[in-house]
Amino acid sequence: SGKEPSPRKRPKRRGDMSNELRLSSEKRLRIFSGRGYPELADEVAAELGVPITPTSAYDFANGEIFVRFEESVRGCDAFVNQSHCAPVNKQIMEQLIMVDALKRASAKRITVILPFYSYGRQDKKHRGREPISARLVADLFKTAGADRLMTVDLHTSQIQGFFDGPVDHLFALPLLANYVGSKVDRSRLTIVSPDSGRVRVAERWSDILGGTQIAFIHKTRDPRIPNEAITGRVVGEVEGQTCVVIDDMIDTSTTQDYVNNPDCSLGNNILKLN
């Protein structure tokens, strides 16, 4: 008849199912917090504008931990924050259980956030028949289902190699160094390492602050006695200087007690940051 066929009309549907399927499988940023200092996770969530995912967590009478997420986490990009404060082992176990729960609930990717990497000081064997506990912690998180670790100021950088996956090693040094530099006369500033092992970190502080002087506290440890060091003397020029003692961990505060002792050559030159 010479007439062109009319275009085939698409049948009407209740909503676009393909769009619904696409949205349901999209990755979504989710923040999860353990019970070890949840205030940090709250501040992070506030900065990102993302709410903390509701979580039910409690202890059984015998000390076992139970964790369940109150919302679907399928396909999400999960960030699990937990501060490893005392009791350290409990905080680690709770975070491991959270990671396992996310893996079994089909989270797309799981990033473990460790503001402080527990057991980081046990990163090598000093004597025979000792563990490398820092490696064990990395293996535990990998086995639980973690895809990535994010941590701050590791005890030693080699710990990054213990985890079989990406590690985001963040540094607070630039922020702290610039703050210290803004509070004191840099020409009269000395960076003090609490032992010979932290001298390299002291050198990095010195570089950022424009080549300030460096000193270190000579001390020895008995590997058979935990949390105890024999402090000798301060090596370097500190008289009349403003001294900043840098350390990665305060456990028993013996180093801080020593540098605040009048018998210490640092005397009252320690810079106290408020």
# chains A, B, ... in the order shown; residues from 1 in each chain; ligands from 1
$ residues_around --residues "Pro174 (chain A)" --least-positions-apart "3" --cutoff "12 Å" --atoms "only C-alpha atoms" --output "PyMOL selection string"
chain A and resi 153+170-171+177-181+201+204-209
$ write_last_selection --atoms "C-alpha atoms" --output "JSON list (two decimals), in the first residue's frame"
[["chain", "number", "residue", "atom", "x", "y", "z"],
["A", 153, "ASP", "CA", 53.09, 5.69, 61.47],
["A", 170, "LEU", "CA", 49.97, 7.41, 56.36],
["A", 171, "PHE", "CA", 52.37, 9.77, 58.13],
["A", 177, "ALA", "CA", 56.60, 19.04, 62.32],
["A", 178, "ASN", "CA", 55.01, 22.09, 60.75],
["A", 179, "TYR", "CA", 53.01, 22.69, 63.93],
["A", 180, "VAL", "CA", 56.12, 22.47, 66.11],
["A", 181, "GLY", "CA", 58.02, 24.75, 63.74],
["A", 201, "VAL", "CA", 62.94, 9.58, 61.97],
["A", 204, "ARG", "CA", 63.31, 13.45, 58.68],
["A", 205, "TRP", "CA", 62.00, 15.90, 61.28],
["A", 206, "SER", "CA", 65.20, 17.91, 60.93],
["A", 207, "ASP", "CA", 64.90, 18.03, 57.13],
["A", 208, "ILE", "CA", 61.32, 19.31, 57.26],
["A", 209, "LEU", "CA", 62.26, 21.95, 59.86]]
$ select_by_dssp --residues "region 61-270 of chain A" --states "helix (DSSP H, G or I)" --output "count of residues only"
68
$ closest_atom_pairs --of "region 85-171 of chain A" --to "region 186-197 of chain A" --cutoff "12 Å" --atoms "only C-alpha atoms" --output "JSON lines"
{"residue": "A:Arg121", "atom": "CA", "partner": "A:Gly197", "partner_atom": "CA", "distance": 11.7}
{"residue": "A:His155", "atom": "CA", "partner": "A:Gly197", "partner_atom": "CA", "distance": 10.3}
{"residue": "A:Thr156", "atom": "CA", "partner": "A:Gly197", "partner_atom": "CA", "distance": 9.9}
$ write_last_selection --atoms "C-alpha atoms" --output "compact mmCIF listing (two decimals), in the first residue's frame"
# COMPACT_ATOMS: atom_id res chain seq x y z
CA ARG A 121 57.19 -3.65 67.84
CA HIS A 155 56.81 1.05 64.05
CA THR A 156 58.93 0.13 61.01
$ closest_residue --among "A:Val67, A:Ala41, A:Val137, A:Ile132" --to "Ile92 (chain A)" --atoms "only C-alpha atoms"
A:Val137
$ atom_distance --atom1 "CA of Phe32 (chain A)" --atom2 "CA of Gln82 (chain A)"
8.6 Å
$ closest_atom_pairs --of "region 201-224 of chain A" --to "region 248-256 of chain A" --cutoff "12 Å" --atoms "only C-alpha atoms" --output "JSON lines"
{"residue": "A:Val201", "atom": "CA", "partner": "A:Asp248", "partner_atom": "CA", "distance": 9.8}
{"residue": "A:Ala202", "atom": "CA", "partner": "A:Asp248", "partner_atom": "CA", "distance": 11.4}
{"residue": "A:Phe216", "atom": "CA", "partner": "A:Thr255", "partner_atom": "CA", "distance": 11.7}
{"residue": "A:Ile217", "atom": "CA", "partner": "A:Thr255", "partner_atom": "CA", "distance": 9.1}
{"residue": "A:His218", "atom": "CA", "partner": "A:Thr255", "partner_atom": "CA", "distance": 11.0}
{"residue": "A:Lys219", "atom": "CA", "partner": "A:Thr255", "partner_atom": "CA", "distance": 9.7}
{"residue": "A:Thr220", "atom": "CA", "partner": "A:Thr255", "partner_atom": "CA", "distance": 11.9}
$ write_last_selection --atoms "N, CA and C atoms" --output "mmCIF file, in the first residue's frame"
data_model
loop_
_atom_site.group_PDB
_atom_site.id
_atom_site.type_symbol
_atom_site.label_atom_id
_atom_site.label_comp_id
_atom_site.auth_asym_id
_atom_site.auth_seq_id
_atom_site.Cartn_x
_atom_site.Cartn_y
_atom_site.Cartn_z
ATOM 1 N N VAL A 201 64.159 8.767 61.910
ATOM 2 C CA VAL A 201 62.943 9.580 61.969
ATOM 3 C C VAL A 201 63.285 10.999 62.409
ATOM 4 N N ALA A 202 64.206 11.124 63.369
ATOM 5 C CA ALA A 202 64.648 12.449 63.809
ATOM 6 C C ALA A 202 65.270 13.224 62.651
ATOM 7 N N PHE A 216 70.237 12.144 70.570
ATOM 8 C CA PHE A 216 69.503 10.924 70.917
ATOM 9 C C PHE A 216 69.894 10.457 72.306
ATOM 10 N N ILE A 217 68.973 9.719 72.917
ATOM 11 C CA ILE A 217 69.169 9.190 74.267
ATOM 12 C C ILE A 217 69.728 7.778 74.152
ATOM 13 N N HIS A 218 70.898 7.556 74.724
ATOM 14 C CA HIS A 218 71.510 6.228 74.677
ATOM 15 C C HIS A 218 70.931 5.374 75.795
ATOM 16 N N LYS A 219 70.324 4.261 75.420
ATOM 17 C CA LYS A 219 69.780 3.354 76.421
ATOM 18 C C LYS A 219 69.835 1.926 75.908
ATOM 19 N N THR A 220 69.833 0.990 76.825
ATOM 20 C CA THR A 220 69.882 -0.433 76.491
ATOM 21 C C THR A 220 68.691 -1.132 77.131
#
$ residues_around --residues "Glu94 (chain A)" --least-positions-apart "3" --cutoff "9 Å" --atoms "only C-alpha atoms" --output "tab-separated table (two decimals) with C-alpha atoms, in the first residue's frame"
chain	number	residue	atom	x	y	z
A	34	GLY	CA	34.15	-1.25	66.50
A	35	ARG	CA	33.77	-0.46	70.19
A	57	ALA	CA	28.01	-5.94	69.09
A	65	ILE	CA	32.29	-11.44	70.91
A	66	PHE	CA	29.21	-11.28	68.68
A	67	VAL	CA	28.81	-8.79	65.81
A	82	GLN	CA	38.92	0.10	65.16
A	89	ASN	CA	43.60	-8.46	72.01
A	90	LYS	CA	39.86	-7.92	72.41
A	91	GLN	CA	39.88	-5.00	69.97
A	97	ILE	CA	34.99	-10.75	63.41
A	98	MET	CA	33.62	-7.61	61.73
A	99	VAL	CA	35.75	-8.28	58.64
$ atom_distance --atom1 "CA of Phe141 (chain A)" --atom2 "CA of Arg198 (chain A)"
27.7 Å
$ select_by_dssp --residues "region 40-273 of chain A" --states "strand (DSSP E or B)" --output "number ranges by chain"
A: 52, 55-59, 65-69, 77-81, 109-114, 148-152, 167-170, 189-193, 213-221, 229-235, 242-245, 270
$ atom_distance --atom1 "CA of Ile159 (chain A)" --atom2 "CA of Ile113 (chain A)"
14.9 Å
$ closest_residue --among "A:Val199, A:Arg68, A:Arg224, A:Gly210" --to "His126 (chain A)" --atoms "only C-alpha atoms"
A:Arg224
